[in-house]
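Raw work.cif, mmCIF, C-alpha atoms:
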data_structure
#
loop_
_atom_site.label_atom_id
_atom_site.label_comp_id
_atom_site.auth_asym_id
_atom_site.auth_seq_id
_atom_site.Cartn_x
_atom_site.Cartn_y
_atom_site.Cartn_z
CA MET A 309 11.86 -11.41 -34.27
CA LEU A 310 13.37 -7.94 -34.65
CA ASP A 311 10.88 -5.08 -35.03
CA LYS A 312 11.82 -2.91 -38.02
CA THR A 313 10.18 0.23 -36.62
CA PHE A 314 12.22 0.08 -33.42
CA LEU A 315 15.38 -0.81 -35.33
CA ASN A 316 14.87 2.44 -37.22
CA TYR A 317 14.45 4.30 -33.92
CA GLU A 318 17.75 2.84 -32.71
CA SER A 319 19.48 3.96 -35.91
CA PHE A 320 17.97 7.43 -35.52
CA ILE A 321 19.34 7.70 -31.98
CA VAL A 322 22.80 6.55 -33.08
CA GLY A 323 22.79 9.15 -35.84
CA ARG A 324 21.83 11.96 -33.46
CA LEU A 325 24.39 10.85 -30.86
CA CYS A 326 27.13 10.92 -33.49
CA GLN A 327 26.13 14.45 -34.47
CA ASP A 328 25.01 16.06 -31.20
CA GLY A 329 25.99 13.58 -28.50
CA GLY A 330 27.47 16.21 -26.22
CA GLN A 331 24.14 18.06 -26.07
CA ILE A 332 21.62 15.23 -26.06
CA PHE A 333 23.28 12.22 -24.41
CA GLY A 334 22.02 13.13 -20.94
CA ASP A 335 18.41 13.20 -22.19
CA VAL A 336 18.82 9.89 -24.03
CA PHE A 337 20.55 8.25 -21.07
CA SER A 338 17.76 9.30 -18.69
CA ASN A 339 15.16 7.47 -20.80
CA LEU A 340 17.05 4.45 -22.09
CA THR A 341 19.22 1.60 -20.81
CA GLU A 342 21.93 -0.41 -22.53
CA ASP A 343 19.81 -3.56 -22.46
CA ASP A 344 16.97 -1.87 -24.36
CA PHE A 345 18.76 -2.09 -27.73
CA GLN A 346 18.12 -4.87 -30.24
CA LEU A 347 20.99 -3.86 -32.55
CA GLN A 348 24.35 -4.84 -31.07
CA ASP A 349 26.08 -2.02 -32.98
CA ALA A 350 23.61 0.52 -31.56
CA LYS A 351 24.17 -0.85 -28.06
CA ALA A 352 27.94 -0.54 -28.55
CA VAL A 353 27.58 3.11 -29.63
CA PHE A 354 25.39 3.87 -26.59
CA LYS A 355 27.99 2.28 -24.27
CA ALA A 356 30.76 4.22 -26.00
CA CYS A 357 28.92 7.54 -25.54
CA HIS A 358 28.42 6.75 -21.86
CA ALA A 359 32.13 5.97 -21.42
CA LEU A 360 33.19 9.14 -23.27
CA THR A 361 30.84 11.23 -21.12
CA MET A 362 32.21 9.75 -17.90
CA GLN A 363 35.73 10.56 -19.12
CA GLN A 364 34.58 14.10 -20.00
CA MET A 365 35.68 13.55 -23.61
CA GLU A 366 34.04 14.90 -26.74
CA ILE A 367 31.44 12.68 -28.41
CA ASN A 368 32.03 12.44 -32.17
CA PRO A 369 32.11 9.61 -34.76
CA VAL A 370 35.88 9.09 -34.55
CA ALA A 371 35.89 8.97 -30.74
CA ILE A 372 32.89 6.61 -30.74
CA VAL A 373 34.53 4.12 -33.13
CA GLU A 374 37.76 4.17 -31.11
CA GLN A 375 35.85 3.62 -27.86
CA THR A 376 33.92 0.66 -29.31
CA LYS A 377 37.27 -0.94 -30.17
CA LEU A 378 38.31 -0.65 -26.53
CA GLN A 379 35.01 -2.20 -25.45
CA GLY A 380 35.55 -5.27 -27.64
CA HIS A 381 32.76 -4.65 -30.16
CA GLU A 382 34.10 -2.47 -32.93
CA VAL A 383 31.47 -0.54 -34.88
CA SER A 384 32.20 0.19 -38.53
CA THR A 385 32.33 3.70 -39.92
CA THR A 386 29.87 2.51 -42.59
CA PHE A 387 27.24 1.83 -39.89
CA ILE A 388 27.90 5.25 -38.34
CA LYS A 389 27.52 7.03 -41.71
CA GLU A 390 24.30 5.20 -42.53
CA CYS A 391 22.78 6.19 -39.19
CA ILE A 392 23.80 9.83 -39.64
CA ASN A 393 22.36 9.94 -43.18
CA THR A 394 19.02 8.41 -42.19
CA SER A 395 18.57 10.20 -38.87
CA PRO A 396 15.80 12.85 -38.95
CA THR A 397 16.74 16.44 -38.24
CA ASN A 398 13.82 16.94 -35.81
CA ASN A 399 14.14 16.88 -32.03
CA ASN A 400 12.26 13.66 -31.35
CA VAL A 401 15.27 11.82 -29.94
CA VAL A 402 13.79 11.64 -26.41
CA LEU A 403 10.51 10.27 -27.79
CA TYR A 404 12.44 7.61 -29.74
CA ALA A 405 14.36 6.68 -26.58
CA GLN A 406 11.15 6.38 -24.56
CA LYS A 407 9.48 4.20 -27.21
CA ILE A 408 12.50 1.88 -27.42
CA HIS A 409 12.58 1.56 -23.63
CA GLU A 410 8.84 0.86 -23.42
CA LYS A 411 9.08 -1.82 -26.12
CA ALA A 412 12.05 -3.47 -24.39
CA GLU A 413 10.27 -3.39 -21.01
CA GLU A 414 7.19 -4.95 -22.62
CA THR A 415 9.33 -7.73 -24.11
CA ARG A 416 11.06 -8.39 -20.78
CA LEU A 417 7.76 -8.39 -18.89
CA ARG A 418 6.21 -10.86 -21.33
CA ALA A 419 9.18 -13.20 -20.87
CA LEU A 420 9.11 -12.96 -17.08
CA LEU A 421 5.35 -13.52 -16.83
CA SER A 422 5.56 -16.40 -19.30
CA ALA A 423 8.20 -18.02 -17.10
CA VAL A 424 5.91 -17.63 -14.08
CA VAL A 425 2.96 -19.21 -15.91
CA ASP A 426 5.16 -22.07 -17.14
CA GLY A 427 6.51 -22.57 -13.60
CA LEU A 428 3.01 -22.79 -12.14
CA ALA A 429 1.88 -25.16 -14.90
CA SER A 430 4.83 -27.49 -14.30
CA GLU A 431 4.52 -27.04 -10.49
CA SER A 432 8.20 -26.13 -10.34
CA ILE A 433 7.40 -22.99 -8.32
CA THR A 434 4.89 -22.31 -5.54
CA LEU A 435 2.11 -19.75 -5.66
CA ASP A 436 4.02 -17.51 -3.22
CA GLU A 437 7.12 -17.74 -5.42
CA ALA A 438 5.01 -16.85 -8.45
CA ARG A 439 3.62 -13.80 -6.64
CA ALA A 440 7.12 -12.71 -5.64
CA ASP A 441 8.45 -13.17 -9.19
CA THR A 442 5.55 -11.19 -10.61
CA GLU A 443 6.06 -8.36 -8.13
CA GLU A 444 9.77 -8.29 -8.90
CA ALA A 445 9.03 -8.14 -12.62
CA LEU A 446 6.62 -5.24 -12.17
CA SER A 447 9.05 -3.37 -9.94
CA LYS A 448 11.59 -3.43 -12.76
CA ILE A 449 9.26 -1.91 -15.33
CA THR A 450 10.39 1.66 -14.76
CA TYR A 451 12.31 4.20 -16.74
CA SER A 452 16.00 4.51 -16.03
CA ASP A 453 16.69 7.34 -13.58
CA GLU A 454 20.43 7.21 -14.06
CA GLY A 455 20.73 10.71 -15.46
CA ILE A 456 24.02 12.56 -15.49
CA VAL A 457 24.13 15.48 -13.07
CA SER A 458 26.69 18.23 -13.50
CA ALA A 459 28.71 19.46 -10.52
CA ASP A 460 26.97 22.83 -10.67
CA ILE A 461 23.46 21.32 -10.56
CA ALA A 462 24.49 18.97 -7.74
CA LEU A 463 25.90 21.91 -5.75
CA GLN A 464 22.76 23.98 -6.29
CA SER A 465 20.65 21.04 -5.11
CA ALA A 466 22.83 20.62 -1.99
CA LEU A 467 22.63 24.34 -1.12
CA GLN A 468 18.84 24.33 -1.60
CA ASP A 469 18.59 21.22 0.61
CA MET A 470 20.57 22.99 3.34
CA GLU A 471 18.35 26.06 3.07
CA ASP A 472 15.17 23.97 3.21
CA ARG A 473 16.43 22.17 6.31
CA ALA A 474 17.32 25.44 8.03
CA SER A 475 13.88 26.89 7.26
CA GLY A 476 12.05 23.74 8.34
CA LYS A 477 10.75 22.79 4.88
CA ILE A 478 12.68 19.53 5.15
CA THR A 479 12.76 17.73 8.48
CA THR A 480 14.36 14.50 9.54
CA ILE A 481 12.29 11.89 11.38
CA SER A 482 13.12 11.70 15.07
CA THR A 483 13.87 8.29 16.56
CA GLY A 484 12.27 9.46 19.79
CA TYR A 485 15.66 9.25 21.48
CA PRO A 486 17.42 12.65 21.52
CA SER A 487 20.74 11.02 22.43
CA ILE A 488 20.61 8.97 19.21
CA ASP A 489 19.20 11.81 17.10
CA ARG A 490 22.23 13.95 17.97
CA TYR A 491 24.46 11.48 16.16
CA PHE A 492 22.20 11.50 13.09
CA SER A 493 21.97 15.27 12.60
CA GLY A 494 18.53 15.42 14.15
CA GLY A 495 16.96 12.15 13.05
CA LEU A 496 16.53 9.57 10.31
CA GLU A 497 17.38 10.56 6.74
CA ASN A 498 15.30 9.70 3.68
CA GLY A 499 17.01 7.17 1.41
CA ALA A 500 19.14 5.78 4.26
CA LEU A 501 19.48 2.20 5.49
CA TYR A 502 19.88 1.77 9.26
CA ILE A 503 21.00 -1.59 10.63
CA ILE A 504 20.39 -2.60 14.25
CA GLY A 505 22.43 -5.63 15.28
CA ALA A 506 22.32 -7.60 18.52
CA ARG A 507 22.66 -11.09 19.88
CA PRO A 508 19.46 -12.94 20.93
CA ALA A 509 17.53 -11.57 23.93
CA CYS A 510 19.33 -8.21 23.91
CA GLY A 511 16.33 -6.08 22.99
CA LYS A 512 16.61 -5.45 19.25
CA SER A 513 12.95 -6.30 18.48
CA THR A 514 11.82 -4.28 21.51
CA LEU A 515 13.88 -1.28 20.44
CA ALA A 516 12.49 -1.59 16.91
CA MET A 517 8.92 -1.50 18.20
CA ASN A 518 9.74 1.46 20.45
CA LEU A 519 11.12 3.26 17.38
CA ALA A 520 7.95 2.42 15.43
CA ASN A 521 5.84 3.81 18.26
CA HIS A 522 7.84 7.05 18.59
CA ILE A 523 7.72 7.62 14.82
CA ALA A 524 3.98 6.90 14.61
CA LEU A 525 3.34 9.48 17.35
CA GLN A 526 4.86 12.06 14.97
CA ASN A 527 1.95 11.37 12.56
CA ARG A 528 4.24 9.37 10.27
CA ARG A 529 3.09 6.26 8.43
CA VAL A 530 5.07 3.24 9.64
CA LEU A 531 5.23 -0.27 8.19
CA PHE A 532 6.59 -2.82 10.67
CA VAL A 533 7.57 -6.02 8.89
CA SER A 534 7.96 -8.91 11.30
CA LEU A 535 8.81 -12.42 10.20
CA GLU A 536 8.93 -13.79 13.75
CA MET A 537 5.76 -12.54 15.47
CA THR A 538 2.07 -12.40 14.62
CA LYS A 539 0.08 -9.19 14.37
CA GLU A 540 -1.58 -10.09 17.69
CA GLN A 541 1.77 -10.45 19.45
CA LEU A 542 3.01 -7.17 17.98
CA SER A 543 -0.17 -5.34 19.00
CA ARG A 544 0.12 -6.66 22.56
CA ILE A 545 3.70 -5.42 22.74
CA ARG A 546 2.63 -1.98 21.59
CA LEU A 547 -0.16 -1.96 24.17
CA GLN A 548 2.44 -2.61 26.87
CA MET A 549 4.68 0.20 25.62
CA VAL A 550 2.00 2.84 25.14
CA GLY A 551 0.19 2.03 28.39
CA TYR A 552 3.32 1.26 30.46
CA ILE A 553 1.66 -2.05 31.34
CA ASN A 554 3.63 -4.96 32.77
CA HIS A 555 3.38 -8.26 30.89
CA ASP A 556 1.62 -10.13 33.71
CA ASP A 557 -0.87 -7.31 34.25
CA LEU A 558 -1.79 -7.28 30.57
CA PHE A 559 -2.89 -10.92 30.71
CA TYR A 560 -3.97 -11.55 34.27
CA ALA A 561 -4.81 -8.30 36.06
CA LYS A 562 -8.49 -7.51 36.32
CA SER A 563 -8.21 -4.24 38.23
CA GLU A 564 -9.98 -1.13 36.96
CA ASP A 565 -6.62 0.67 36.85
CA VAL A 566 -5.13 -1.84 34.38
CA GLN A 567 -8.30 -1.93 32.29
CA ALA A 568 -8.21 1.87 32.10
CA LYS A 569 -4.59 1.77 30.95
CA ILE A 570 -5.47 -0.75 28.23
CA GLN A 571 -8.38 1.43 27.07
CA GLN A 572 -6.26 4.59 26.94
CA ALA A 573 -3.41 2.81 25.13
CA SER A 574 -5.88 1.38 22.60
CA GLU A 575 -7.16 4.86 21.79
CA VAL A 576 -3.61 6.11 21.20
CA ILE A 577 -2.82 3.14 18.96
CA ARG A 578 -5.94 3.71 16.88
CA LYS A 579 -5.06 7.39 16.49
CA TYR A 580 -1.39 6.72 15.64
CA PRO A 581 -1.40 3.35 13.86
CA VAL A 582 1.52 1.14 12.88
CA ASP A 583 0.79 -1.29 10.03
CA PHE A 584 1.98 -4.91 10.10
CA ASN A 585 2.46 -7.39 7.27
CA LYS A 586 0.19 -10.40 6.76
CA ALA A 587 2.31 -12.51 4.41
CA GLN A 588 5.26 -14.45 5.81
CA TYR A 589 6.88 -15.09 2.41
CA LEU A 590 8.45 -11.69 1.88
CA THR A 591 11.01 -10.60 -0.69
CA VAL A 592 12.48 -7.11 -0.93
CA SER A 593 10.40 -6.50 -4.06
CA TYR A 594 7.21 -7.46 -2.19
CA ILE A 595 8.06 -5.08 0.66
CA SER A 596 8.64 -2.41 -2.01
CA LYS A 597 5.16 -3.08 -3.36
CA LEU A 598 3.66 -2.59 0.12
CA CYS A 599 5.49 0.75 0.37
CA ARG A 600 4.19 1.94 -2.99
CA SER A 601 0.61 1.03 -2.11
CA ARG A 602 0.47 2.99 1.15
CA ARG A 603 3.26 5.60 0.83
CA TYR A 604 4.94 4.84 4.14
CA ASP A 605 7.33 7.28 5.76
CA VAL A 606 9.45 4.60 7.44
CA VAL A 607 9.83 0.84 7.07
CA ILE A 608 11.15 -1.33 9.93
CA ILE A 609 12.10 -4.96 9.18
CA ASP A 610 12.58 -7.65 11.84
CA TYR A 611 14.90 -9.12 10.65
CA LEU A 612 17.19 -9.19 7.58
CA GLN A 613 18.16 -12.88 7.63
CA LEU A 614 14.50 -13.93 7.47
CA VAL A 615 13.70 -11.98 4.28
CA THR A 616 13.21 -14.38 1.37
CA PRO A 617 16.22 -14.18 -0.97
CA LYS A 618 15.93 -13.92 -4.74
CA GLY A 619 18.87 -15.76 -6.22
CA GLY A 620 22.32 -16.45 -4.87
CA LYS A 621 24.18 -19.76 -4.83
CA THR A 622 25.47 -19.39 -1.27
CA ARG A 623 24.07 -17.90 1.92
CA TYR A 624 26.63 -15.10 1.60
CA GLU A 625 25.32 -14.23 -1.87
CA GLU A 626 21.69 -14.44 -0.71
CA VAL A 627 22.21 -12.04 2.20
CA THR A 628 24.26 -9.73 -0.01
CA ARG A 629 21.34 -9.51 -2.46
CA ILE A 630 18.89 -8.82 0.37
CA SER A 631 21.12 -6.13 1.89
CA ARG A 632 21.63 -4.34 -1.42
CA GLY A 633 17.95 -4.68 -2.19
CA LEU A 634 17.04 -2.96 1.08
CA LYS A 635 19.41 -0.08 0.35
CA GLY A 636 17.82 0.17 -3.10
CA LEU A 637 14.38 0.17 -1.46
CA ALA A 638 15.37 3.13 0.76
CA LEU A 639 16.65 5.09 -2.23
CA GLN A 640 13.75 4.25 -4.57
CA GLN A 641 11.06 5.07 -2.00
CA ASN A 642 13.12 7.97 -0.55
CA ILE A 643 12.40 6.89 3.02
CA PRO A 644 14.46 5.59 5.95
CA VAL A 645 14.60 1.80 6.17
CA ILE A 646 15.47 0.30 9.56
CA CYS A 647 16.45 -3.36 9.47
CA LEU A 648 17.42 -5.64 12.33
CA SER A 649 20.22 -8.13 11.82
CA GLN A 650 21.55 -11.16 13.60
CA LEU A 651 25.16 -11.24 14.76
CA ASN A 652 27.63 -14.09 14.51
CA ARG A 653 27.80 -16.33 17.54
CA GLY A 654 29.95 -14.96 20.31
CA SER A 655 30.11 -14.68 24.05
CA ALA A 656 27.19 -12.86 25.62
CA LEU A 657 29.78 -11.07 27.76
CA ASP A 658 31.54 -9.53 24.78
CA ARG A 659 30.35 -6.23 23.37
CA PRO A 660 29.52 -6.76 19.70
CA LYS A 661 31.66 -5.33 16.90
CA ILE A 662 30.57 -4.28 13.43
CA SER A 663 32.45 -7.28 12.02
CA ASP A 664 30.00 -9.52 13.93
CA LEU A 665 27.17 -8.76 11.47
CA ARG A 666 26.07 -12.16 10.28
CA ASP A 667 26.37 -13.83 6.85
CA SER A 668 27.67 -11.00 4.65
CA GLY A 669 30.08 -8.07 4.74
CA ALA A 670 27.70 -6.28 2.36
CA ILE A 671 25.45 -5.42 5.31
CA GLU A 672 28.13 -3.16 6.77
CA GLN A 673 28.93 -1.76 3.33
CA ASP A 674 25.33 -0.99 2.32
CA ALA A 675 24.26 0.48 5.65
CA ASP A 676 24.37 4.22 6.18
CA ALA A 677 24.44 3.63 9.92
CA VAL A 678 24.96 0.57 12.12
CA MET A 679 23.76 0.41 15.73
CA LEU A 680 24.91 -2.49 17.91
CA LEU A 681 23.02 -3.33 21.12
CA TYR A 682 24.46 -4.70 24.35
CA LEU A 683 22.82 -5.24 27.74
CA SER A 684 25.61 -4.06 30.02
CA GLU A 685 23.44 -4.39 33.12
CA ARG A 686 20.46 -6.72 33.27
CA ALA A 687 18.15 -5.90 36.16
CA ASN A 688 16.10 -8.59 37.86
CA VAL A 689 12.68 -8.56 36.19
CA THR A 690 10.97 -8.51 39.60
CA GLU A 691 12.70 -5.24 40.47
CA ASN A 692 11.17 -1.92 39.56
CA ARG A 693 14.32 -0.60 37.92
CA PRO A 694 15.60 -0.64 34.35
CA SER A 695 18.35 -2.62 32.74
CA THR A 696 21.06 -0.67 30.90
CA LEU A 697 20.92 -1.01 27.13
CA GLU A 698 23.99 0.28 25.32
CA VAL A 699 23.49 1.45 21.74
CA SER A 700 26.87 1.60 20.05
CA ILE A 701 26.76 3.65 16.85
CA ALA A 702 29.53 1.78 15.04
CA LYS A 703 29.08 3.27 11.57
CA ASN A 704 27.53 6.60 10.68
CA ARG A 705 27.61 8.43 7.35
CA TYR A 706 25.83 11.39 8.93
CA GLY A 707 28.08 12.10 11.89
CA GLY A 708 30.31 10.60 14.52
CA ILE A 709 30.33 7.27 16.31
CA GLY A 710 29.88 6.62 20.00
CA THR A 711 27.71 4.94 22.62
CA VAL A 712 24.31 5.92 24.04
CA GLU A 713 22.88 4.43 27.23
CA LEU A 714 19.13 3.76 27.40
CA ASP A 715 16.91 2.52 30.23
CA PHE A 716 15.22 -0.78 29.32
CA TYR A 717 12.16 -1.63 31.45
CA MET A 718 11.79 -5.28 30.52
CA LYS A 719 8.42 -5.98 32.11
CA SER A 720 6.66 -3.28 30.10
CA ARG A 721 9.10 -3.38 27.13
CA VAL A 722 9.57 0.37 27.40
CA ILE A 723 12.97 1.82 26.47
CA LYS A 724 13.67 5.38 27.61
CA ASP A 725 16.39 7.87 26.80
CA ARG A 726 18.75 8.35 29.73
CA SER A 727 20.29 11.34 27.95
CA ILE A 728 23.83 10.16 28.67
CA VAL A 729 26.21 10.13 25.71
CA ARG A 730 29.82 9.14 26.08
#

Could the structure of this file be written out as structure tokens, please?
Amino acid sequence: MLDKTFLNYESFIVGRLCQDGGQIFGDVFSNLTEDDFQLQDAKAVFKACHALTMQQMEINPVAIVEQTKLQGHEVSTTFIKECINTSPTNNNVVLYAQKIHEKAEETRLRALLSAVVDGLASESITLDEARADTEEALSKITYSDEGIVSADIALQSALQDMEDRASGKITTISTGYPSIDRYFSGGLENGALYIIGARPACGKSTLAMNLANHIALQNRRVLFVSLEMTKEQLSRIRLQMVGYINHDDLFYAKSEDVQAKIQQASEVIRKYPVDFNKAQYLTVSYISKLCRSRRYDVVIIDYLQLVTPKGGKTRYEEVTRISRGLKGLALQQNIPVICLSQLNRGSALDRPKISDLRDSGAIEQDADAVMLLYLSERANVTENRPSTLEVSIAKNRYGGIGTVELDFYMKSRVIKDRSIVR
């Protein structure tokens, strides 16, 4: 049933847009979305004003009517006149927009939660699916932030950002590997999605945990989402890295030296923690909820193809939704998101290419940077020397591309920077 009060608000907004659209549309657009309108004519006017603004054309009744014709839903001049005549002369247009948006969000939330309750009652969805649907619904109940930014404001913001970086007010987050940081203008950028791709047993999970450890040591809050290993396994791996402890010594050595290393590593881990997930049924919206609850500085996900998809008829569509959701997560939380990805099957002797990213081309498209791993030299695990791990930076929105060589000590899972860039 249509709510008369909110229908009046919609008419008021249409009237003000027709009279002062050039001055107020940005404020209205920042607080309202197209789907918030109940009146189809009001929705058509809102869409028309958006289109006219994007084309840098004047917003007036004649231009609005003509634009609605092009959009396939022509609005009558009678409707426009009625809205202008009944629209108040006060400046409450932003308040009206906010109230319409809140009412629409309430209606959508009621429908989504009702569907969850019905699904549980009919046993057509599981409890984990219900939780994920509820979290997704809540994550959508936010005001639109799609404001229009003028070129001058954008330039001022960019210049201020450059000044803040130069003065140290804004700092990137170091990966712990100077050779990699050089490619990324000093470190990881907020709002960026970093993809690490490798074939099985090439060190992508180990590199991810090394990154988590280096970032935590900078007093940054890190969430490490693993869908393959338990929290106990992950903690043991970090003990090895921090204490430089070989795998066999961690489990079987009883010497005082090894016990001292374990004790010292434990103290470091307690001082510089990395959080792990408990749930194994994880959607992008659920990961977003974890970020909001603890305000993490970096999220690392191992790995993309194991994240639970929300919708999609094919595997390609599912992975595309996950990839775009992770990029959205980085932007919404304004943090770097590092996500591991499987590669398509290929010879272990072939160096991977960016086209080898598995299941969807959207991964390459959504990523700000793609790093591909390759073990060019695998040392015998009994030898006290490292294997050579090549990190090929195959895509980079923040700089150039190239290859970095790292030393991979497999027995202790430590990866060190060799400081060779070619």

* **Ala568 (chain A) environment, 12 Å, all atoms listed in the file, sequence neighbours closer than 6 positions dropped, as a PyMOL selection string** => chain A and resi 547+551-553+557-558+561-562+574-575

* Quote the spacing between CA of Thr341 (chain A) and CA of Thr386 (chain A) in Å to one decimal place. =>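 Value for the CA of Thr341 (chain A)-CA of Thr386 (chain A) distance: 24.3 Å.
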
* Asked: Smallest atom-to-atom distance to Ala687 (chain A): which of A:Arg666, A:Lys407, A:Arg659, A:Lys719, using all atoms listed in the file?
  ->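 Nearest candidate to Ala687 (chain A) out of A:Arg666, A:Lys407, A:Arg659, A:Lys719: A:Lys719.
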
* To do: Give the answer as one residue: which of A:Gly494, A:Gly380, A:Gly427, A:Pro486 has the shortest atom-to-atom distance to Arg473 (chain A), using all atoms listed in the file?
  =>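 Going through A:Gly494, A:Gly380, A:Gly427, A:Pro486 one by one, the smallest distance to Arg473 (chain A) is for A:Gly494.
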
* Asked: Taking into account all atoms listed in the file, which residue in the set A:Leu525, A:Leu519, A:Ile570, A:Ile545 is nearest to Ile608 (chain A)?
  ->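 Closest candidate: A:Leu519.
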
* How would you write, as a list in words, the residues chosen by the PyMOL selection byres ((chain A and resi 665) around 9) on this structure? -> Gly505, Ala506, Ser649, Gln650, Leu651, Asn652, Pro660, Lys661, Ile662, Ser663, Asp664, Arg666, Asp667, Ser668, Gly669, Ile671 and Glu672 of chain A

* Please, which residues are within 7 Å of (14.2, 4.5, 33.2) by the file's coordinates, counting all atoms listed in the file, and could they come as a ChimeraX atom specification? -> /A:693-694,715-717,724,726

* Report the residues retrieved by the PyMOL selection byres ((chain A and resi 609) around 6) from the displayed file, expressed as a ChimeraX atom specification. => /A:533,608,610-611,647

* To do: Identify, on the basis of only C-alpha atoms, every residue whose closest approach to Asp583 (chain A) does not exceed 12 Å; exclude the query and any residue fewer than 6 positions from it along the same chain; express the result as a PyMOL selection string.
  => chain A and resi 517+520-521+524+528-534+539-540+542-543+546+577+598-599+602-609

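In terms of minimum interatomic distance to Glu497 (chain A), A:Asn642 ranks closest within A:Gln673, A:Asn339, A:Asn642, A:Ser596, counting all atoms listed in the file.
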
* To do: I need the residue set behind the PyMOL selection byres ((chain A and resi 631) around 12) for this file; please write it as an MDAnalysis selection string.
  => chainID A and resid 501:503 591:592 609 611:618 624:630 632:638 645:649 665:676

* **Point-to-point distance in Å for CA of Thr394 (chain A) and CA of Phe320 (chain A)** => 6.8 Å

* **Selection: 7 Å around Val353 (chain A), only C-alpha atoms, excl. self and same-chain fewer than 3 positions, as a PyMOL selection string** => chain A and resi 322+349-350+356-357+372+376

* Measure the distance from CA of Ala509 (chain A) to CA of Tyr706 (chain A) in Å and round it to one decimal. =>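 Taking CA of Ala509 (chain A) and CA of Tyr706 (chain A), their separation equals 28.7 Å.
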
* To do: For Leu325 (chain A), work out the shell of residues within 8 Å, counting all atoms listed in the file and skipping chain neighbours fewer than 6 positions away, then give it as a list of chain:residue names.
  => A:Ile332, A:Phe333, A:Cys357, A:Ile367, A:Asn368

* **Spatial neighbours of Val402 (chain A), max dist 12 Å, all atoms listed in the file, sep filter under 6 positions, as a VMD selection string** => chain A and resid 317 to 318 320 to 321 324 to 325 332 to 340 408 to 409

Can I get region 530-543 of chain A with N, CA and C atoms filled in, as a compact mmCIF listing (two decimals), in the coordinates of the input?
# COMPACT_ATOMS: atom_id res chain seq x y z
N VAL A 530 4.03 4.23 9.35
CA VAL A 530 5.07 3.24 9.64
C VAL A 530 4.60 1.86 9.22
N LEU A 531 5.46 1.14 8.50
CA LEU A 531 5.23 -0.27 8.19
C LEU A 531 6.23 -1.08 9.00
N PHE A 532 5.73 -1.96 9.85
CA PHE A 532 6.59 -2.82 10.67
C PHE A 532 6.48 -4.23 10.12
N VAL A 533 7.55 -4.69 9.50
CA VAL A 533 7.57 -6.02 8.89
C VAL A 533 8.22 -6.99 9.86
N SER A 534 7.42 -7.91 10.38
CA SER A 534 7.96 -8.91 11.30
C SER A 534 7.79 -10.29 10.70
N LEU A 535 8.86 -11.05 10.71
CA LEU A 535 8.81 -12.42 10.20
C LEU A 535 8.93 -13.42 11.34
N GLU A 536 8.84 -12.92 12.58
CA GLU A 536 8.93 -13.79 13.75
C GLU A 536 7.65 -13.79 14.59
N MET A 537 6.93 -12.66 14.59
CA MET A 537 5.76 -12.54 15.47
C MET A 537 4.50 -12.26 14.67
N THR A 538 3.37 -12.65 15.25
CA THR A 538 2.07 -12.40 14.62
C THR A 538 1.63 -10.97 14.89
N LYS A 539 0.61 -10.55 14.17
CA LYS A 539 0.08 -9.19 14.37
C LYS A 539 -0.50 -9.05 15.77
N GLU A 540 -1.03 -10.14 16.33
CA GLU A 540 -1.58 -10.09 17.69
C GLU A 540 -0.46 -9.88 18.71
N GLN A 541 0.64 -10.61 18.54
CA GLN A 541 1.77 -10.45 19.45
C GLN A 541 2.33 -9.03 19.38
N LEU A 542 2.47 -8.52 18.16
CA LEU A 542 3.01 -7.17 17.98
C LEU A 542 2.08 -6.12 18.59
N SER A 543 0.79 -6.30 18.43
CA SER A 543 -0.17 -5.34 19.00
C SER A 543 -0.13 -5.37 20.52
